[in-house]
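Student: Take this structure, written in structure tokens, and hold onto it; I'll ask about it next.
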Amino acid sequence: MKTMKTIAKIVVLLLVAGFARAQSPQELTPDALVKTVTLEVVDLIARDKEIQSGNRAKLIALIEEKVLPHFNFTSMTALAMGPNWNKATPEQKRLITVEFRTLLVRTYASALAAYSDQKFDFRPLRAKPTDTDVTVNVRVLQAGAQPVPIDYNMEKTAGGWKVYDVLIAGVSLVANYRTEFANVVRESGIDGLTKGLQAKNRAMAPRPEAEKPADKQEKK
């Protein structure tokens, strides 16, 4: 369990930091983009006192601004849905994509709150200049433990390079959700999957600032 939590922290950091907006992202190769902005945003997070003190709303805003432009959530949701994607109506596809996107953002924010310093080994990109589908390899170095390989599957689109899957130590993020999604659809249908995602997102929603003083008083 401890190992899985450590990996989750690592993945979250890379997802948040690795795909932040560069000044001209279209001019960078995928591996150069990952390396350049990872180092930049790691420093940003480390120096942000509000994020360090637990401002989850600001952390989510950071993810919204820096991460989302570089992920193709429609492709990720379609892959996670598998054959059930083609069975969904356009409106069902839209709703599931919105909820899946929200779930990932809030999951990242929760895990990132426990982030501790890591070092990165950015591997050379093995791809041709004409390739439009590549894998960017990063190894996360941890003291006293084996490096954790993180592989980003990325596709070139009109809007730049986009991530459509992440593999942690060879395990696909999309494939993991595919199993869960398939089980829910089998038991309660596509609408049931949407409702389940909505329930998870409500449970993970940041508390309003006004509730925090009361919470502190209750703990006393």
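Each chain in the structure tokens gets a letter, A, B, ..., in the order shown, and its residues are numbered from 1; ligands are numbered from 1 in order too.
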Tell me, as a PyMOL selection string, which residues lie within 10 Å of Asn183 in chain A, counting only C-alpha atoms; anything in the same chain fewer than 6 positions away does not count.
Tutor: chain A and resi 177+189+193
Student: Please provide the set of residues having any atom within 12 Å of Ser172 in chain A, restricted to only C-alpha atoms, with same-chain residues fewer than 3 positions apart removed, written as a short mmCIF file (atom, residue, chain, number, x, y, z; two decimals) with N, CA, C and O atoms, in the first residue's frame.
Tutor:
data_model
loop_
_atom_site.label_atom_id
_atom_site.label_comp_id
_atom_site.auth_asym_id
_atom_site.auth_seq_id
_atom_site.Cartn_x
_atom_site.Cartn_y
_atom_site.Cartn_z
N VAL A 11 3.25 10.06 -9.93
CA VAL A 11 2.47 10.25 -11.16
C VAL A 11 1.78 11.60 -11.15
O VAL A 11 1.76 12.31 -12.15
N MET A 76 -8.99 9.72 -23.92
CA MET A 76 -8.78 8.96 -22.69
C MET A 76 -10.08 8.30 -22.23
O MET A 76 -10.09 7.14 -21.82
N LEU A 79 -11.02 5.40 -24.57
CA LEU A 79 -10.19 4.22 -24.31
C LEU A 79 -10.60 3.55 -23.00
O LEU A 79 -10.61 2.32 -22.89
N ALA A 80 -10.92 4.37 -21.99
CA ALA A 80 -11.33 3.81 -20.69
C ALA A 80 -12.69 3.11 -20.79
O ALA A 80 -12.94 2.12 -20.10
N PRO A 149 9.51 3.83 -13.60
CA PRO A 149 9.35 4.33 -14.97
C PRO A 149 7.94 4.85 -15.22
O PRO A 149 6.95 4.22 -14.85
N ILE A 150 7.86 6.03 -15.80
CA ILE A 150 6.59 6.63 -16.18
C ILE A 150 6.63 6.87 -17.68
O ILE A 150 7.52 7.55 -18.19
N ASP A 151 5.69 6.30 -18.40
CA ASP A 151 5.63 6.44 -19.85
C ASP A 151 4.37 7.20 -20.25
O ASP A 151 3.27 6.84 -19.84
N TYR A 152 4.56 8.25 -21.04
CA TYR A 152 3.44 9.05 -21.51
C TYR A 152 3.20 8.77 -22.99
O TYR A 152 4.07 9.04 -23.82
N ASN A 153 2.05 8.23 -23.32
CA ASN A 153 1.68 8.06 -24.72
C ASN A 153 1.06 9.37 -25.19
O ASN A 153 0.07 9.85 -24.62
N TYR A 164 -2.69 10.80 -24.13
CA TYR A 164 -3.92 10.01 -24.16
C TYR A 164 -3.83 8.77 -23.26
O TYR A 164 -4.80 8.04 -23.09
N ASP A 165 -2.67 8.53 -22.66
CA ASP A 165 -2.55 7.46 -21.67
C ASP A 165 -1.24 7.62 -20.92
O ASP A 165 -0.29 8.23 -21.42
N VAL A 166 -1.21 7.11 -19.70
CA VAL A 166 -0.01 7.14 -18.87
C VAL A 166 0.21 5.74 -18.32
O VAL A 166 -0.72 5.11 -17.83
N LEU A 167 1.44 5.25 -18.42
CA LEU A 167 1.78 3.94 -17.88
C LEU A 167 2.76 4.11 -16.73
O LEU A 167 3.79 4.77 -16.87
N ILE A 168 2.41 3.53 -15.58
CA ILE A 168 3.26 3.59 -14.40
C ILE A 168 3.82 2.20 -14.16
O ILE A 168 3.06 1.27 -13.90
N ALA A 169 5.14 2.07 -14.29
CA ALA A 169 5.78 0.76 -14.15
C ALA A 169 5.10 -0.26 -15.06
O ALA A 169 4.90 -1.42 -14.69
N ALA A 175 -6.21 1.57 -18.84
CA ALA A 175 -6.62 0.17 -18.71
C ALA A 175 -7.20 -0.10 -17.33
O ALA A 175 -8.17 -0.87 -17.19
N ASN A 176 -6.64 0.52 -16.30
CA ASN A 176 -7.18 0.34 -14.95
C ASN A 176 -8.61 0.85 -14.85
O ASN A 176 -9.47 0.22 -14.24
N TYR A 177 -8.85 2.02 -15.42
CA TYR A 177 -10.21 2.56 -15.40
C TYR A 177 -11.14 1.74 -16.27
O TYR A 177 -12.34 1.64 -16.00
N ARG A 178 -10.61 1.15 -17.36
CA ARG A 178 -11.45 0.37 -18.27
C ARG A 178 -12.14 -0.79 -17.53
O ARG A 178 -13.32 -1.05 -17.73
N THR A 179 -11.38 -1.45 -16.67
CA THR A 179 -11.95 -2.57 -15.90
C THR A 179 -13.06 -2.08 -14.98
O THR A 179 -14.14 -2.67 -14.90
#
Student: Please determine, counting only C-alpha atoms, which residue among A:Arg47, A:Val34, A:Lys87, A:Leu28 has the shortest atom-to-atom distance to Val136 in chain A.
Tutor: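 That would be A:Val34, the residue with the smallest distance to Val136 in chain A.
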Student: Using only C-alpha atoms, determine which residues lie at most 8 Å from range 89-94 of chain A, disregarding the query and same-chain residues fewer than 2 positions distant; provide the list as a PyMOL selection string.
Tutor: chain A and resi 85-87+96-98+190-191+194
Student: Those residues with all heavy atoms, as a PDB file, in the first residue's frame please?
Tutor:
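Written out: result_2.pdb:
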ATOM      1  N   TRP A  85     -18.050   2.684 -25.291  1.00  0.00           N
ATOM      2  CA  TRP A  85     -18.043   4.045 -25.815  1.00  0.00           C
ATOM      3  C   TRP A  85     -18.952   4.161 -27.040  1.00  0.00           C
ATOM      4  O   TRP A  85     -19.712   5.120 -27.169  1.00  0.00           O
ATOM      5  CB  TRP A  85     -16.623   4.456 -26.156  1.00  0.00           C
ATOM      6  CG  TRP A  85     -16.474   5.829 -26.740  1.00  0.00           C
ATOM      7  CD1 TRP A  85     -16.263   6.157 -28.045  1.00  0.00           C
ATOM      8  CD2 TRP A  85     -16.534   7.081 -26.028  1.00  0.00           C
ATOM      9  NE1 TRP A  85     -16.165   7.523 -28.199  1.00  0.00           N
ATOM     10  CE2 TRP A  85     -16.334   8.116 -26.975  1.00  0.00           C
ATOM     11  CE3 TRP A  85     -16.723   7.419 -24.691  1.00  0.00           C
ATOM     12  CZ2 TRP A  85     -16.324   9.462 -26.617  1.00  0.00           C
ATOM     13  CZ3 TRP A  85     -16.714   8.768 -24.338  1.00  0.00           C
ATOM     14  CH2 TRP A  85     -16.520   9.764 -25.289  1.00  0.00           C
ATOM     15  N   ASN A  86     -18.886   3.176 -27.911  1.00  0.00           N
ATOM     16  CA  ASN A  86     -19.695   3.214 -29.131  1.00  0.00           C
ATOM     17  C   ASN A  86     -21.169   2.953 -28.856  1.00  0.00           C
ATOM     18  O   ASN A  86     -22.017   3.194 -29.721  1.00  0.00           O
ATOM     19  CB  ASN A  86     -19.171   2.193 -30.146  1.00  0.00           C
ATOM     20  CG  ASN A  86     -17.814   2.580 -30.696  1.00  0.00           C
ATOM     21  OD1 ASN A  86     -17.493   3.757 -30.822  1.00  0.00           O
ATOM     22  ND2 ASN A  86     -16.993   1.579 -31.002  1.00  0.00           N
ATOM     23  N   LYS A  87     -21.491   2.461 -27.685  1.00  0.00           N
ATOM     24  CA  LYS A  87     -22.883   2.217 -27.314  1.00  0.00           C
ATOM     25  C   LYS A  87     -23.525   3.456 -26.687  1.00  0.00           C
ATOM     26  O   LYS A  87     -24.748   3.502 -26.520  1.00  0.00           O
ATOM     27  CB  LYS A  87     -22.976   1.051 -26.326  1.00  0.00           C
ATOM     28  CG  LYS A  87     -22.436  -0.273 -26.874  1.00  0.00           C
ATOM     29  CD  LYS A  87     -22.481  -1.352 -25.811  1.00  0.00           C
ATOM     30  CE  LYS A  87     -21.868  -2.655 -26.324  1.00  0.00           C
ATOM     31  NZ  LYS A  87     -21.864  -3.717 -25.276  1.00  0.00           N
ATOM     32  N   ILE A  96     -19.968  11.805 -19.534  1.00  0.00           N
ATOM     33  CA  ILE A  96     -18.952  10.932 -18.955  1.00  0.00           C
ATOM     34  C   ILE A  96     -17.565  11.568 -19.077  1.00  0.00           C
ATOM     35  O   ILE A  96     -16.750  11.504 -18.149  1.00  0.00           O
ATOM     36  CB  ILE A  96     -18.974   9.546 -19.631  1.00  0.00           C
ATOM     37  CG1 ILE A  96     -20.264   8.810 -19.249  1.00  0.00           C
ATOM     38  CG2 ILE A  96     -17.758   8.714 -19.219  1.00  0.00           C
ATOM     39  CD1 ILE A  96     -20.479   7.517 -19.998  1.00  0.00           C
ATOM     40  N   THR A  97     -17.286  12.209 -20.216  1.00  0.00           N
ATOM     41  CA  THR A  97     -15.991  12.863 -20.411  1.00  0.00           C
ATOM     42  C   THR A  97     -15.797  13.990 -19.400  1.00  0.00           C
ATOM     43  O   THR A  97     -14.721  14.137 -18.808  1.00  0.00           O
ATOM     44  CB  THR A  97     -15.873  13.417 -21.838  1.00  0.00           C
ATOM     45  OG1 THR A  97     -15.993  12.344 -22.781  1.00  0.00           O
ATOM     46  CG2 THR A  97     -14.532  14.111 -22.048  1.00  0.00           C
ATOM     47  N   VAL A  98     -16.835  14.779 -19.178  1.00  0.00           N
ATOM     48  CA  VAL A  98     -16.765  15.874 -18.205  1.00  0.00           C
ATOM     49  C   VAL A  98     -16.499  15.334 -16.797  1.00  0.00           C
ATOM     50  O   VAL A  98     -15.643  15.845 -16.066  1.00  0.00           O
ATOM     51  CB  VAL A  98     -18.077  16.695 -18.219  1.00  0.00           C
ATOM     52  CG1 VAL A  98     -18.136  17.641 -17.027  1.00  0.00           C
ATOM     53  CG2 VAL A  98     -18.197  17.477 -19.519  1.00  0.00           C
ATOM     54  N   ILE A 190     -24.747   2.725 -18.718  1.00  0.00           N
ATOM     55  CA  ILE A 190     -23.914   3.908 -18.949  1.00  0.00           C
ATOM     56  C   ILE A 190     -24.344   5.075 -18.070  1.00  0.00           C
ATOM     57  O   ILE A 190     -23.510   5.801 -17.516  1.00  0.00           O
ATOM     58  CB  ILE A 190     -23.956   4.297 -20.439  1.00  0.00           C
ATOM     59  CG1 ILE A 190     -23.259   3.204 -21.271  1.00  0.00           C
ATOM     60  CG2 ILE A 190     -23.272   5.657 -20.667  1.00  0.00           C
ATOM     61  CD1 ILE A 190     -23.378   3.388 -22.764  1.00  0.00           C
ATOM     62  N   ASP A 191     -25.656   5.244 -17.899  1.00  0.00           N
ATOM     63  CA  ASP A 191     -26.123   6.317 -17.014  1.00  0.00           C
ATOM     64  C   ASP A 191     -25.693   6.053 -15.575  1.00  0.00           C
ATOM     65  O   ASP A 191     -25.415   6.992 -14.815  1.00  0.00           O
ATOM     66  CB  ASP A 191     -27.650   6.440 -17.093  1.00  0.00           C
ATOM     67  CG  ASP A 191     -28.108   7.030 -18.421  1.00  0.00           C
ATOM     68  OD1 ASP A 191     -27.301   7.697 -19.088  1.00  0.00           O
ATOM     69  OD2 ASP A 191     -29.279   6.794 -18.796  1.00  0.00           O
ATOM     70  N   THR A 194     -22.175   7.309 -15.177  1.00  0.00           N
ATOM     71  CA  THR A 194     -22.155   8.768 -15.027  1.00  0.00           C
ATOM     72  C   THR A 194     -22.529   9.170 -13.611  1.00  0.00           C
ATOM     73  O   THR A 194     -21.866  10.019 -12.989  1.00  0.00           O
ATOM     74  CB  THR A 194     -23.128   9.423 -16.019  1.00  0.00           C
ATOM     75  OG1 THR A 194     -22.759   9.067 -17.350  1.00  0.00           O
ATOM     76  CG2 THR A 194     -23.097  10.941 -15.888  1.00  0.00           C
TER      77      THR A 194
END
Student: What gap, in Å, lies between CA of Leu104 in chain A and CA of Asn137 in chain A?
Tutor: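 One can read the CA of Leu104 in chain A to CA of Asn137 in chain A distance as 21.1 Å.
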Student: Could you list, as a CSV table (one decimal) with N, CA, C and O atoms, in the first residue's frame, every residue within 6 Å of range 117-130 of chain A, counting only C-alpha atoms and ignoring same-chain residues fewer than 5 positions away?
Tutor:
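File produced: result29.csv:
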chain,number,residue,atom,x,y,z
A,137,ASN,N,9.5,8.8,-22.1
A,137,ASN,CA,9.9,8.0,-21.0
A,137,ASN,C,10.6,8.9,-19.9
A,137,ASN,O,11.5,9.6,-20.2
A,138,VAL,N,10.1,8.8,-18.7
A,138,VAL,CA,10.7,9.5,-17.5
A,138,VAL,C,10.9,8.4,-16.4
A,138,VAL,O,10.1,7.6,-16.2
A,139,ARG,N,12.1,8.5,-15.8
A,139,ARG,CA,12.3,7.7,-14.6
A,139,ARG,C,12.3,8.5,-13.4
A,139,ARG,O,13.0,9.6,-13.3
A,140,VAL,N,11.6,8.1,-12.3
A,140,VAL,CA,11.5,8.9,-11.1
A,140,VAL,C,12.5,8.2,-10.1
A,140,VAL,O,12.3,7.0,-9.8
A,141,LEU,N,13.5,9.0,-9.7
A,141,LEU,CA,14.5,8.4,-8.8
A,141,LEU,C,14.2,8.7,-7.3
A,141,LEU,O,13.8,9.8,-6.9
Student: As an exercise, work out the distance from CA of Ala158 in chain A to CA of Ile63 in chain A in Å and give it to one decimal place.
Tutor: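 Computed distance, CA of Ala158 in chain A to CA of Ile63 in chain A, equals 21.9 Å.
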Student: Could you check the closest approach to Arg56 in chain A for each of A:Thr107, A:Gln198, A:Thr135, A:Ser75 and tell me which residue wins, using only C-alpha atoms?
Tutor: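 Using only C-alpha atoms, the shortest distance to Arg56 in chain A belongs to A:Thr107.
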